[in-house]
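Structure first, commentary second.
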Amino acid sequence: MIITHYGEIFTKGQNRCFFQKKLADNIKKASLAKPKLVSQRFVLDAGDEYLAPVSRVFGVTSCSLAEECSPELEEIKEKSLEVAKKMRQPLKVKASRSDKRFPLNSTELARAVAEFLDNNGVELSVKQPESFLEIEVLKDKAFVCYNRLEGVGGLPVGCAGKIVTLLSGGIDSPVASWLLAKRGAKNVFVHFHPFKPGHEKTGKIERIVKYLYPSTLSKKVYLVPFDVFTIASLPLPSRYVLPLFRRFMLRVAEKIAEKEGAKAIGTGESLSQVASQTLDNIAAIQPASSIPVLRPLLAYDKREIIALAEKIGTYELSLEKYNDCCHALLSKNPATACSKDFLEKLEKELPEDLVERTLKETKIMVVD
């Protein structure tokens, strides 16, 4: 079985049950097993192949494989020996007890089990162990845990509501969606692509969404073609096309948010990283949306974002060649200090039904 622990949910007071239910539902999606709440931890009947996916579920601080026995010292010793023989050695014994009626405290229990293992040929090390054997004593049972994985923490996906997230083929937006999910947001992805309707090449986007799924639990992607905008913007000065396109993206995303019941838009923008993300341009682009635009990477530099992408596991996927929409529209001399009034003036030269025409050609992809 797998034992799963959570952290921040402990601080939620009278709302804790809501967060526990969300976490249980999300663990079930990741492991295909129904978790049972046992003394502020979730226990699920699942094999070691589900240990890594469960560790990536937001809200989980750690998870371990475990074997159950009765809360009797001799049985705990025997079960520990049985488990230790399957572990990498030398190992270290840890113990905790939520039932204070157990005759030994945590330190005494760990010492007693360690002495028993040592007497039965198990190699131990306090300072440089290869693995940890952890004993958890509850009121009516005990667990001997091993192969512990640290979880990602955060809050269960879905507890903070739904967000429409702009997902490109680059490094930043997958990291941004992961961070938003970590705070309990359910992502609905929106991807602007350069292909003609019916000829979408979505393999890279599918791989990113599929890889993120154990954490984000999101598999719906709106595939939005931007050829209508590209053609309409040809007569305009090229250095202003990208900030205009960013405003257009927010308008399309807001319409999708209305349809999905989402409360905000998420982006992978980082302050001053590129021309469209200067403070002036962000201020000029923001008013195109009447709902909040969340930018979890705003204060991260590129080095930090890459480090996060490597940690999450999306970095190599993001490096695959792809014709990203913003790069396709970037001019040689992009404007870095647009004003809202000036962009609004330029927008009057674009067709009024630009968003509606684009939405008609938008398709929904559900990643398997």
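To be explicit about the labels: the chains of the structure tokens are called A, B, and onward in the order shown, and within each one the residues are counted from 1, while ligands get numbers from 1 in the order they are shown.
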Compile the contact shell of Asn147 in chain A as a PyMOL selection string: residues with an atom at most 7 Å away, counting only C-alpha atoms, same-chain residues fewer than 2 positions apart removed. chain A and resi 64-65+149
So that I can check the secondary structure, give me every residue of range 84-268 of chain A assigned strand (DSSP E) by backbone DSSP, as a PyMOL selection string. chain A and resi 91-97+131-137+142-150+162-166+186-193+220-225+264-266
Need the shell around range 5-19 of chain A: protein/DNA/RNA residues with any atom at most 6 Å away, counting only C-alpha atoms. Skip same-chain ones fewer than 2 positions apart. Format as a list of chain:residue names? A:Lys21, A:Lys22, A:Arg41, A:Gly59, A:Val60, A:Thr61, A:Ser62
Using DSSP secondary structure from the backbone, list all alpha helix (DSSP H) positions within range 300-357 of chain A, as an mmCIF file with C-alpha atoms, in the first residue's frame.
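out_13.cif written:
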```cif
data_model
loop_
_atom_site.group_PDB
_atom_site.id
_atom_site.type_symbol
_atom_site.label_atom_id
_atom_site.label_comp_id
_atom_site.auth_asym_id
_atom_site.auth_seq_id
_atom_site.Cartn_x
_atom_site.Cartn_y
_atom_site.Cartn_z
ATOM 1 C CA LYS A 302 15.335 33.164 -16.936
ATOM 2 C CA ARG A 303 17.892 31.161 -14.978
ATOM 3 C CA GLU A 304 15.385 30.574 -12.173
ATOM 4 C CA ILE A 305 12.630 29.637 -14.619
ATOM 5 C CA ILE A 306 14.897 27.118 -16.356
ATOM 6 C CA ALA A 307 15.825 25.622 -12.972
ATOM 7 C CA LEU A 308 12.131 25.204 -12.161
ATOM 8 C CA ALA A 309 11.441 23.674 -15.587
ATOM 9 C CA GLU A 310 14.242 21.160 -14.997
ATOM 10 C CA LYS A 311 12.874 20.359 -11.544
ATOM 11 C CA ILE A 312 9.349 19.866 -12.891
ATOM 12 C CA TYR A 315 12.557 21.683 -19.810
ATOM 13 C CA GLU A 316 13.591 19.099 -22.420
ATOM 14 C CA LEU A 317 10.056 19.040 -23.849
ATOM 15 C CA SER A 318 10.081 22.828 -24.161
ATOM 16 C CA CYS A 325 3.176 32.379 -32.039
ATOM 17 C CA CYS A 326 4.954 35.240 -30.253
ATOM 18 C CA HIS A 327 8.257 34.488 -31.999
ATOM 19 C CA ALA A 328 6.424 34.355 -35.331
ATOM 20 C CA LEU A 329 5.066 37.884 -34.783
ATOM 21 C CA LYS A 340 -2.861 51.898 -23.721
ATOM 22 C CA ASP A 341 -4.384 54.802 -25.656
ATOM 23 C CA PHE A 342 -2.062 54.306 -28.622
ATOM 24 C CA LEU A 343 -2.755 50.562 -28.819
ATOM 25 C CA GLU A 344 -6.480 51.173 -28.570
ATOM 26 C CA LYS A 345 -6.176 53.648 -31.469
ATOM 27 C CA LEU A 346 -4.383 51.036 -33.596
ATOM 28 C CA GLU A 347 -6.975 48.419 -32.678
ATOM 29 C CA LEU A 354 -11.769 39.513 -35.037
ATOM 30 C CA VAL A 355 -12.280 37.661 -31.740
ATOM 31 C CA GLU A 356 -15.577 36.104 -32.822
ATOM 32 C CA ARG A 357 -14.150 34.875 -36.124
#
```
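With only C-alpha atoms as the atoms that count, the residue of A:Lys360, A:Arg88, A:Lys219, A:Lys162 with the shortest distance to Ile265 in chain A is A:Lys162.
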Selection: 10 Å around Tyr211 in chain A, only C-alpha atoms, excl. self and same-chain fewer than 3 positions, as a PDB file with N, CA and C atoms, in the first residue's frame:
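Generated file (part_20.pdb):
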```pdb
ATOM      1  N   ILE A 205       2.618  20.114 -27.789  1.00  0.00           N
ATOM      2  CA  ILE A 205       1.687  20.601 -26.756  1.00  0.00           C
ATOM      3  C   ILE A 205       1.045  19.426 -26.030  1.00  0.00           C
ATOM      4  N   GLU A 206       0.671  18.394 -26.769  1.00  0.00           N
ATOM      5  CA  GLU A 206       0.102  17.196 -26.151  1.00  0.00           C
ATOM      6  C   GLU A 206       1.075  16.578 -25.159  1.00  0.00           C
ATOM      7  N   ARG A 207       2.341  16.501 -25.538  1.00  0.00           N
ATOM      8  CA  ARG A 207       3.335  15.884 -24.652  1.00  0.00           C
ATOM      9  C   ARG A 207       3.517  16.706 -23.376  1.00  0.00           C
ATOM     10  N   ILE A 208       3.504  18.016 -23.493  1.00  0.00           N
ATOM     11  CA  ILE A 208       3.648  18.868 -22.313  1.00  0.00           C
ATOM     12  C   ILE A 208       2.450  18.702 -21.384  1.00  0.00           C
ATOM     13  N   PRO A 214      -0.249  14.556 -13.938  1.00  0.00           N
ATOM     14  CA  PRO A 214      -0.312  14.119 -12.535  1.00  0.00           C
ATOM     15  C   PRO A 214      -0.313  15.270 -11.537  1.00  0.00           C
ATOM     16  N   SER A 215       0.242  16.421 -11.935  1.00  0.00           N
ATOM     17  CA  SER A 215       0.245  17.590 -11.052  1.00  0.00           C
ATOM     18  C   SER A 215      -0.932  18.511 -11.320  1.00  0.00           C
ATOM     19  N   THR A 216      -1.166  18.859 -12.601  1.00  0.00           N
ATOM     20  CA  THR A 216      -2.207  19.847 -12.911  1.00  0.00           C
ATOM     21  C   THR A 216      -3.588  19.227 -13.012  1.00  0.00           C
ATOM     22  N   ILE A 312      10.674  20.398 -12.561  1.00  0.00           N
ATOM     23  CA  ILE A 312       9.349  19.866 -12.891  1.00  0.00           C
ATOM     24  C   ILE A 312       9.456  18.739 -13.916  1.00  0.00           C
ATOM     25  N   GLY A 313      10.412  18.901 -14.853  1.00  0.00           N
ATOM     26  CA  GLY A 313      10.603  17.903 -15.890  1.00  0.00           C
ATOM     27  C   GLY A 313      10.124  18.317 -17.268  1.00  0.00           C
ATOM     28  N   THR A 314       9.784  19.603 -17.446  1.00  0.00           N
ATOM     29  CA  THR A 314       9.274  20.065 -18.737  1.00  0.00           C
ATOM     30  C   THR A 314      10.333  20.714 -19.613  1.00  0.00           C
ATOM     31  N   LEU A 317      11.208  18.961 -22.951  1.00  0.00           N
ATOM     32  CA  LEU A 317      10.056  19.040 -23.849  1.00  0.00           C
ATOM     33  C   LEU A 317       9.949  20.427 -24.466  1.00  0.00           C
TER      34      LEU A 317
END
```
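Considering the residues A:Thr336, A:Ser177, A:Ser290, A:Ser238 and counting only C-alpha atoms, Gly268 in chain A has its shortest atom-to-atom contact with A:Ser177.
Ranking A:Leu250, A:Ile171, A:Ala84, A:Val241 by their shortest atom-to-atom distance to Ser276 in chain A, with only C-alpha atoms included, puts A:Val241 first.
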Leaving out range 228-237 of chain A and any residue of its chain fewer than 5 positions from it, which residues lie within 12 Å of it when counting only C-alpha atoms, given as an NGL selection string? :A and (192-197 or 242-249 or 252 or 325-326 or 328-335 or 343 or 345-362)
Within 10 Å of Lys141 in chain A, counting only C-alpha atoms, which residues show up once you throw out same-chain ones fewer than 6 positions away? Write them as a PDB file with C-alpha atoms, in the first residue's frame, please.
```pdb
ATOM      1  CA  GLU A  68       0.629  -2.898   7.924  1.00  0.00           C
ATOM      2  CA  CYS A  69       0.830  -4.771  11.216  1.00  0.00           C
ATOM      3  CA  SER A  70      -0.676  -4.594  14.688  1.00  0.00           C
ATOM      4  CA  PRO A  71       0.633  -1.900  17.093  1.00  0.00           C
ATOM      5  CA  GLU A  72       2.505  -4.460  19.180  1.00  0.00           C
ATOM      6  CA  ILE A  76       6.488  -4.207  14.554  1.00  0.00           C
ATOM      7  CA  ASP A  99      -1.159   7.008  19.865  1.00  0.00           C
TER       8      ASP A  99
END
```
For Leu166 in chain A: contacts at 12 Å, only C-alpha atoms, fewer than 2 positions along chain excluded, given as a compact mmCIF listing (two decimals) with C-alpha atoms, in the first residue's frame:
```txt
# COMPACT_ATOMS: atom_id res chain seq x y z
CA ILE A 163 -8.09 29.54 -14.49
CA VAL A 164 -7.66 29.86 -18.26
CA SER A 168 2.87 28.20 -25.58
CA GLY A 169 5.54 25.80 -26.74
CA GLY A 170 8.20 27.62 -24.71
CA ASP A 172 7.89 29.66 -19.25
CA SER A 173 4.20 28.86 -19.61
CA PRO A 174 4.36 25.17 -18.52
CA VAL A 175 6.17 26.33 -15.36
CA ALA A 176 3.57 29.06 -14.78
CA SER A 177 0.71 26.56 -15.13
CA LEU A 180 -0.80 28.07 -10.49
CA ASN A 187 -5.88 25.06 -15.51
CA VAL A 188 -7.85 25.16 -18.74
CA PHE A 189 -5.14 25.53 -21.37
CA VAL A 190 -5.39 27.91 -24.33
CA HIS A 191 -2.81 27.47 -27.08
CA PHE A 192 -2.44 29.90 -29.99
CA HIS A 193 -0.98 28.10 -33.01
CA ILE A 205 1.69 20.60 -26.76
CA VAL A 221 -6.67 22.52 -24.50
CA TYR A 222 -8.35 25.18 -26.64
CA LEU A 223 -6.47 25.30 -29.95
CA VAL A 224 -6.75 28.86 -31.23
CA ARG A 246 -1.06 40.09 -26.57
CA MET A 249 -4.91 36.89 -26.73
CA LEU A 250 -6.39 38.26 -23.50
CA ARG A 251 -9.69 39.04 -25.23
CA VAL A 252 -9.93 35.53 -26.66
CA ALA A 253 -8.92 34.00 -23.32
CA GLU A 254 -11.55 36.05 -21.51
CA ILE A 256 -13.10 31.18 -23.15
CA ALA A 257 -13.02 31.96 -19.41
CA ALA A 264 -8.79 34.59 -14.09
CA ILE A 265 -6.23 34.25 -16.88
CA GLY A 266 -2.76 32.82 -16.24
CA THR A 267 0.35 33.66 -18.28
CA GLY A 268 4.07 32.87 -18.23
CA GLU A 269 5.16 36.50 -18.39
CA VAL A 293 -4.38 38.25 -15.19
CA LEU A 294 -2.12 36.16 -12.93
CA ARG A 295 1.61 36.09 -13.67
CA CYS A 325 3.18 32.38 -32.04
CA CYS A 326 4.95 35.24 -30.25
```
Pick from A:Phe58, A:Lys86, A:Ala283, A:Ser80, whichever lies nearest to Ala185 in chain A using only C-alpha atoms: A:Phe58
